[in-house]
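S.K.: This is the structure I have questions about; it appears just below.
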12 protein chains.
Amino acid sequence: MSDHVYRLSEIVGSSTTSVDDAIRTAVRKASETVRNIEWFQTQEIRGQVVDGDVGYFQVTMKIGFRVDE
Amino acid sequence: MSDHVYRLSEIVGSSTTSVDDAIRTAVRKASETVRNIEWFQTQEIRGQVVDGDVGYFQVTMKIGFRVDE
Amino acid sequence: MSDHVYRLSEIVGSSTTSVDDAIRTAVRKASETVRNIEWFQTQEIRGQVVDGDVGYFQVTMKIGFRVDE
Amino acid sequence: MSDHVYRLSEIVGSSTTSVDDAIRTAVRKASETVRNIEWFQTQEIRGQVVDGDVGYFQVTMKIGFRVDE
Amino acid sequence: MSDHVYRLSEIVGSSTTSVDDAIRTAVRKASETVRNIEWFQTQEIRGQVVDGDVGYFQVTMKIGFRVDE
Amino acid sequence: MSDHVYRLSEIVGSSTTSVDDAIRTAVRKASETVRNIEWFQTQEIRGQVVDGDVGYFQVTMKIGFRVDE
Amino acid sequence: MSDHVYRLSEIVGSSTTSVDDAIRTAVRKASETVRNIEWFQTQEIRGQVVDGDVGYFQVTMKIGFRVDE
Amino acid sequence: MSDHVYRLSEIVGSSTTSVDDAIRTAVRKASETVRNIEWFQTQEIRGQVVDGDVGYFQVTMKIGFRVDE
Amino acid sequence: MSDHVYRLSEIVGSSTTSVDDAIRTAVRKASETVRNIEWFQTQEIRGQVVDGDVGYFQVTMKIGFRVDE
Amino acid sequence: MSDHVYRLSEIVGSSTTSVDDAIRTAVRKASETVRNIEWFQTQEIRGQVVDGDVGYFQVTMKIGFRVDE
Amino acid sequence: MSDHVYRLSEIVGSSTTSVDDAIRTAVRKASETVRNIEWFQTQEIRGQVVDGDVGYFQVTMKIGFRVDE
Amino acid sequence: MSDHVYRLSEIVGSSTTSVDDAIRTAVRKASETVRNIEWFQTQEIRGQVVDGDVGYFQVTMKIGFRVDE
């Protein structure tokens with residue numbers, strides 16, 4: 001990381017199956033438009049309830065990416 | 001959500017298999033006695049250790065439900 | 001827990017597959033050298049991104065263990 | 001407050017007009033079913049955006065009420 | 001705690017003598033109406049000042065109780 | 001919100017008249033360049049003092065918007 | 001602000017009408033005895049409930065003022 | 001508290017005997033120079049260790065007092 | 001403290017009688033194996049409830065000790 | 001700041017020499033692509049350790065900039 | 001610190017050269033009017049940006065001083 | 001970091017000259033007894049005041065190190 005500058009961007013991913021999947025969904029989606037993503041930091045895990053069960057998980061997280069030359 | 005009032009209730013769910021399952025267990029159990037649950041917000045993820053391995057996961061979370069007319 | 005004294009130690013576990021697995025990895029590894037671990041408390045969930053996807057999950061957590069007589 | 005015991009309940013009020021009105025709405029609604037409410041503490045102010053403008057304000061808050069003899 | 005679900009309720013106890021006594025007062029009062037309380041977590045210690053001395057201590061805390069079958 | 005990905009952006013709005021107005025100003029300004037804003041979350045309320053009175057209110061908040069296909 | 005030193009003082013203002021008015025009341029009152037107040041930062045918004053409605057809003061905030069030569 | 005303005009001042013009290021006594025010491029000392037103290041809020045409980053035992057308890061707290069006309 | 005390096009260790013003490021006693025228990029126990037403990041900082045006060053009353057108080061705290069030459 | 005709207009962006013700067021230099025590096029780098037940066041707020045100071053010494057300091061911070069007309 | 005009472009005062013120091021210098025500036029300035037200052041605790045590090053570079057560093061901190069007999 | 005387990009240890013370094021130097025002092029001292037330290041995270045910056053000036057800076061921080069096979 002020596003003399004690079006990084007930026008953090010905050011996103012929310014969701015999934016009907018799991019917390020892990022909500023994280024992967026957000027990382028993959030962000031990677032379509034942002035290059036050089038190197039890490040993520042989970043901020044909040046929440047979700048919607050539908051008919052008395054978890055409808056989907058939502059994970060708010062920050063992704064860190066290197067700012068290119 | 002226009003002019004509704006919601007209440008938050010804090011619960012702890014547990015599971016021997018996963019964090020996701022602990023969340024689902026708590027939501028389903030709460031739905032047996034509380035109507036109109038619409039969302040949950042995870043507060044803390046912890047668990048018990050038994051014989052050097054995870055015995056079960058415990059997830060403390062808030063559930064939000066609409067207060068009926 | 002009556003009149004015991006416990007200690008907390010902070011560790012980071014990682015896994016290429018899931019948050020649950022990162023927790024289990026850390027608890028098992030710690031159990032090799034620390035006796036009487038009774039619980040864990042998750043502090044932070046983060047991870048590395050490799051080629052636009054989650055490379056591995058990292059979970060920082062505290063483990064609590066009984067201090068023997 | 002000498003030797004009374006109080007309880008705190010967490011609620012969310014909303015209003016299309018203002019933060020103040022969202023607080024009042026929640027306090028009045030809670031007062032229909034809870035007696036002896038004495039104070040409130042705001043936890044979070046958020047809201048929904050509709051067509052590029054504030055659709056309504058949502059205030060999450062705790063209300064404190066005296067537990068009767 | 002294996003597959004139980006717990007609820008957390010937030011209360012305020014007070015005492016003219018000590019912090020410990022304010023905690024005990026709140027736990028005993030809550031136990032009159034809530035069954036299966038298993039633990040408490042202190043949130044805030046404050047109090048009223050009367051004539052330049054501590055009038056009473058107030059302890060806000062969460063109590064956790066098992067939700068019965 | 002099923003399988004959408006959302007982004008959060010942090011902005012500061014100001015107003016000489018009220019907290020509500022500072023929030024509206026920021027939401028409207030952001031809507032000129034960002035599509036699909038769905039919610040806001042207030043982070044901090046502060047302001048400048050001019051000649052012994054409130055000069056203007058400043059509200060720091062996050063806005064959440066859907067990332068388009 | 002170049003080479004000035006500032007001090008922060010914490011105050012509570014109240015109002016029967018609004019959050020904005022509670023802030024203004026506190027700033028004006030503080031300005032009667034403190035010179036060179038330049039900004040305020042809201043810490044907490046709470047209030048008293050009287051007869052099932054908001055009796056008054058209380059805003060705890062810090063005010064920042066320049067320390068004169 | 002209707003239309004009064006209050007100030008908060010942060011102090012540290014200490015005691016060789018107990019947390020309660022450290023609080024009382026600070027409140028009494030502050031009351032010698034500050035009028036109209038109405039409440040306190042504990043911020044931190046710490047202390048010094050001397051020869052392997054608690055030397056004294058230190059309690060950092062805020063005291064709230066009414067600003068006179 | 002001039003040019004010393006200190007370490008912090010996190011422990012939990014418990015007592016059936018009081019918060020103060022739980023702190024003392026933890027400090028004394030830690031002093032049996034750790035030299036040069038100089039201070040403690042309370043992190044959390046909680047406890048177990050047994051038969052509708054406080055069973056014992058548990059205090060989580062950090063202890064700071066000088067690392068010897 | 002009267003009726004302007006500001007945005008906050010989160011970045012990480014690094015330096016092998018000092019915390020101050022890591023802040024300057026991030027501000028200068030951000031200024032190459034963002035106009036009207038007016039302030040920064042430090043979020044976290046961390047760093048990498050190489051061969052038992054500080055390899056470089058990393059400072060995570062928010063920068064605030066005016067959104068142009 | 002045995003049976004002394006201390007007060008905490010919150011100040012902001014600034015410097016065009018470094019974080020360390022901003023701290024020293026605030027401590028020296030406060031010492032001109034406050035006696036018996038014994039420690040400081042940094043609360044926030046921020047600063048102003050001028051022409052794409054750090055204009056000055058601002059450090060908000062609390063200073064603790066002994067209240068004289 | 002793939003499948004390693006890391007531990008975090010909390011230490012306090014001090015220096016009469018600067019924050020940076022306090023961090024370096026702590027890292028170097030810890031490296032004498034702990035192998036494979038890879039990063040540090042600053043927790044708190046404080047210090048002692050002597051004769052109206054900064055006597056020394058104290059930095060509390062966590063160091064992360066790889067747990068060897």
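Following the order of the structure tokens, chains are lettered A, B, ..., residues in each are numbered from 1, and ligands are numbered from 1.
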I need the residues of region 6-54 of chain L that end up classed as strand (DSSP E) by DSSP on the backbone, written out as a VMD selection string.
M.R.: chain L and resid 6 to 15 37 to 50 53 to 54
S.K.: Which polymer residues have any atom within 8 Å of an atom of region 37-41 of chain G, counting only C-alpha atoms, with same-chain residues fewer than 2 positions away left out, as a ChimeraX atom specification?
M.R.: /F:44-50,52 /G:31,34-35,43,61-66
S.K.: Could the residues in this selection be saved with C-alpha atoms as a short mmCIF file (atom, residue, chain, number, x, y, z; two decimals), in the first residue's frame?
M.R.:
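Once written, selection_17.cif looks like this:
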data_model
loop_
_atom_site.label_atom_id
_atom_site.label_comp_id
_atom_site.auth_asym_id
_atom_site.auth_seq_id
_atom_site.Cartn_x
_atom_site.Cartn_y
_atom_site.Cartn_z
CA GLU F 44 -24.96 15.28 12.39
CA ILE F 45 -26.83 18.54 13.02
CA ARG F 46 -24.64 21.57 13.54
CA GLY F 47 -24.54 25.18 12.45
CA GLN F 48 -22.86 28.57 12.40
CA VAL F 49 -23.54 31.31 14.94
CA VAL F 50 -23.57 34.90 13.70
CA GLY F 52 -25.20 35.73 18.91
CA SER G 31 -24.40 34.66 23.82
CA VAL G 34 -19.97 34.26 26.16
CA ARG G 35 -18.39 36.32 23.39
CA GLN G 43 -25.35 16.14 20.78
CA MET G 61 -25.34 20.81 22.13
CA LYS G 62 -21.79 22.07 22.19
CA ILE G 63 -21.03 25.67 21.31
CA GLY G 64 -17.58 26.66 20.05
CA PHE G 65 -16.16 30.10 20.76
CA ARG G 66 -12.88 31.84 20.07
#
S.K.: Pull out every residue of chain I that has at least one atom within 6 Å of chain L, counting only C-alpha atoms, and report them as JSON, numbers by chain.
M.R.: {"I": [3, 5, 6, 7, 8]}
S.K.: Extract the full set of alpha helix (DSSP H) residues from chain F according to DSSP on the backbone, and format it as an MDAnalysis selection string.
M.R.: chainID F and resid 19:31
S.K.: How would the residues just picked look written out with all heavy atoms as a short mmCIF file (atom, residue, chain, number, x, y, z; two decimals), in the first residue's frame?
M.R.:
data_model
loop_
_atom_site.label_atom_id
_atom_site.label_comp_id
_atom_site.auth_asym_id
_atom_site.auth_seq_id
_atom_site.Cartn_x
_atom_site.Cartn_y
_atom_site.Cartn_z
N VAL F 19 -33.83 23.03 10.52
CA VAL F 19 -33.20 21.74 10.27
C VAL F 19 -33.92 21.04 9.10
O VAL F 19 -33.28 20.51 8.20
CB VAL F 19 -33.27 20.86 11.54
CG1 VAL F 19 -32.91 19.41 11.23
CG2 VAL F 19 -32.34 21.42 12.62
N ASP F 20 -35.24 21.06 9.11
CA ASP F 20 -36.02 20.43 8.04
C ASP F 20 -35.63 20.99 6.68
O ASP F 20 -35.47 20.26 5.70
CB ASP F 20 -37.53 20.67 8.24
CG ASP F 20 -38.05 20.07 9.53
OD1 ASP F 20 -37.49 19.06 10.00
OD2 ASP F 20 -39.03 20.61 10.07
N ASP F 21 -35.48 22.29 6.63
CA ASP F 21 -35.18 22.95 5.36
C ASP F 21 -33.77 22.60 4.88
O ASP F 21 -33.54 22.45 3.67
CB ASP F 21 -35.33 24.46 5.52
CG ASP F 21 -35.37 25.18 4.19
OD1 ASP F 21 -36.16 24.77 3.32
OD2 ASP F 21 -34.60 26.14 4.00
N ALA F 22 -32.83 22.43 5.83
CA ALA F 22 -31.47 22.05 5.44
C ALA F 22 -31.48 20.65 4.82
O ALA F 22 -30.74 20.37 3.87
CB ALA F 22 -30.54 22.09 6.67
N ILE F 23 -32.32 19.76 5.37
CA ILE F 23 -32.43 18.41 4.81
C ILE F 23 -33.03 18.47 3.40
O ILE F 23 -32.53 17.86 2.46
CB ILE F 23 -33.32 17.53 5.73
CG1 ILE F 23 -32.62 17.29 7.09
CG2 ILE F 23 -33.64 16.19 5.05
CD1 ILE F 23 -33.47 16.59 8.13
N ARG F 24 -34.10 19.23 3.24
CA ARG F 24 -34.75 19.35 1.92
C ARG F 24 -33.80 19.95 0.88
O ARG F 24 -33.76 19.49 -0.27
CB ARG F 24 -35.99 20.23 2.03
CG ARG F 24 -37.17 19.57 2.71
CD ARG F 24 -38.43 20.47 2.53
NE ARG F 24 -39.28 20.40 3.69
CZ ARG F 24 -40.26 19.49 3.84
NH1 ARG F 24 -40.46 18.59 2.92
NH2 ARG F 24 -41.01 19.49 4.93
N THR F 25 -33.07 20.97 1.28
CA THR F 25 -32.12 21.60 0.35
C THR F 25 -31.11 20.59 -0.17
O THR F 25 -30.82 20.53 -1.37
CB THR F 25 -31.38 22.75 1.07
OG1 THR F 25 -32.34 23.71 1.48
CG2 THR F 25 -30.34 23.40 0.16
N ALA F 26 -30.58 19.77 0.74
CA ALA F 26 -29.57 18.80 0.33
C ALA F 26 -30.16 17.72 -0.57
O ALA F 26 -29.55 17.31 -1.57
CB ALA F 26 -28.93 18.17 1.57
N VAL F 27 -31.35 17.25 -0.22
CA VAL F 27 -31.99 16.21 -1.04
C VAL F 27 -32.27 16.72 -2.45
O VAL F 27 -32.01 16.05 -3.45
CB VAL F 27 -33.28 15.70 -0.37
CG1 VAL F 27 -34.12 14.87 -1.34
CG2 VAL F 27 -32.95 14.89 0.88
N ARG F 28 -32.81 17.94 -2.53
CA ARG F 28 -33.14 18.50 -3.85
C ARG F 28 -31.89 18.73 -4.68
O ARG F 28 -31.86 18.44 -5.88
CB ARG F 28 -33.89 19.81 -3.68
CG ARG F 28 -35.33 19.63 -3.23
CD ARG F 28 -36.00 20.96 -2.89
NE ARG F 28 -37.28 20.73 -2.23
CZ ARG F 28 -37.87 21.60 -1.41
NH1 ARG F 28 -37.26 22.74 -1.11
NH2 ARG F 28 -39.03 21.32 -0.86
N LYS F 29 -30.86 19.27 -4.07
CA LYS F 29 -29.61 19.53 -4.79
C LYS F 29 -29.01 18.22 -5.31
O LYS F 29 -28.59 18.13 -6.46
CB LYS F 29 -28.62 20.23 -3.87
CG LYS F 29 -27.30 20.63 -4.52
CD LYS F 29 -27.48 21.83 -5.44
CE LYS F 29 -26.20 22.20 -6.16
NZ LYS F 29 -26.42 23.31 -7.08
N ALA F 30 -29.00 17.19 -4.45
CA ALA F 30 -28.43 15.90 -4.86
C ALA F 30 -29.23 15.29 -5.99
O ALA F 30 -28.68 14.65 -6.89
CB ALA F 30 -28.37 14.96 -3.66
N SER F 31 -30.56 15.51 -5.98
CA SER F 31 -31.43 14.92 -6.99
C SER F 31 -31.19 15.49 -8.39
O SER F 31 -31.60 14.90 -9.39
CB SER F 31 -32.90 15.12 -6.62
OG SER F 31 -33.18 14.44 -5.41
#
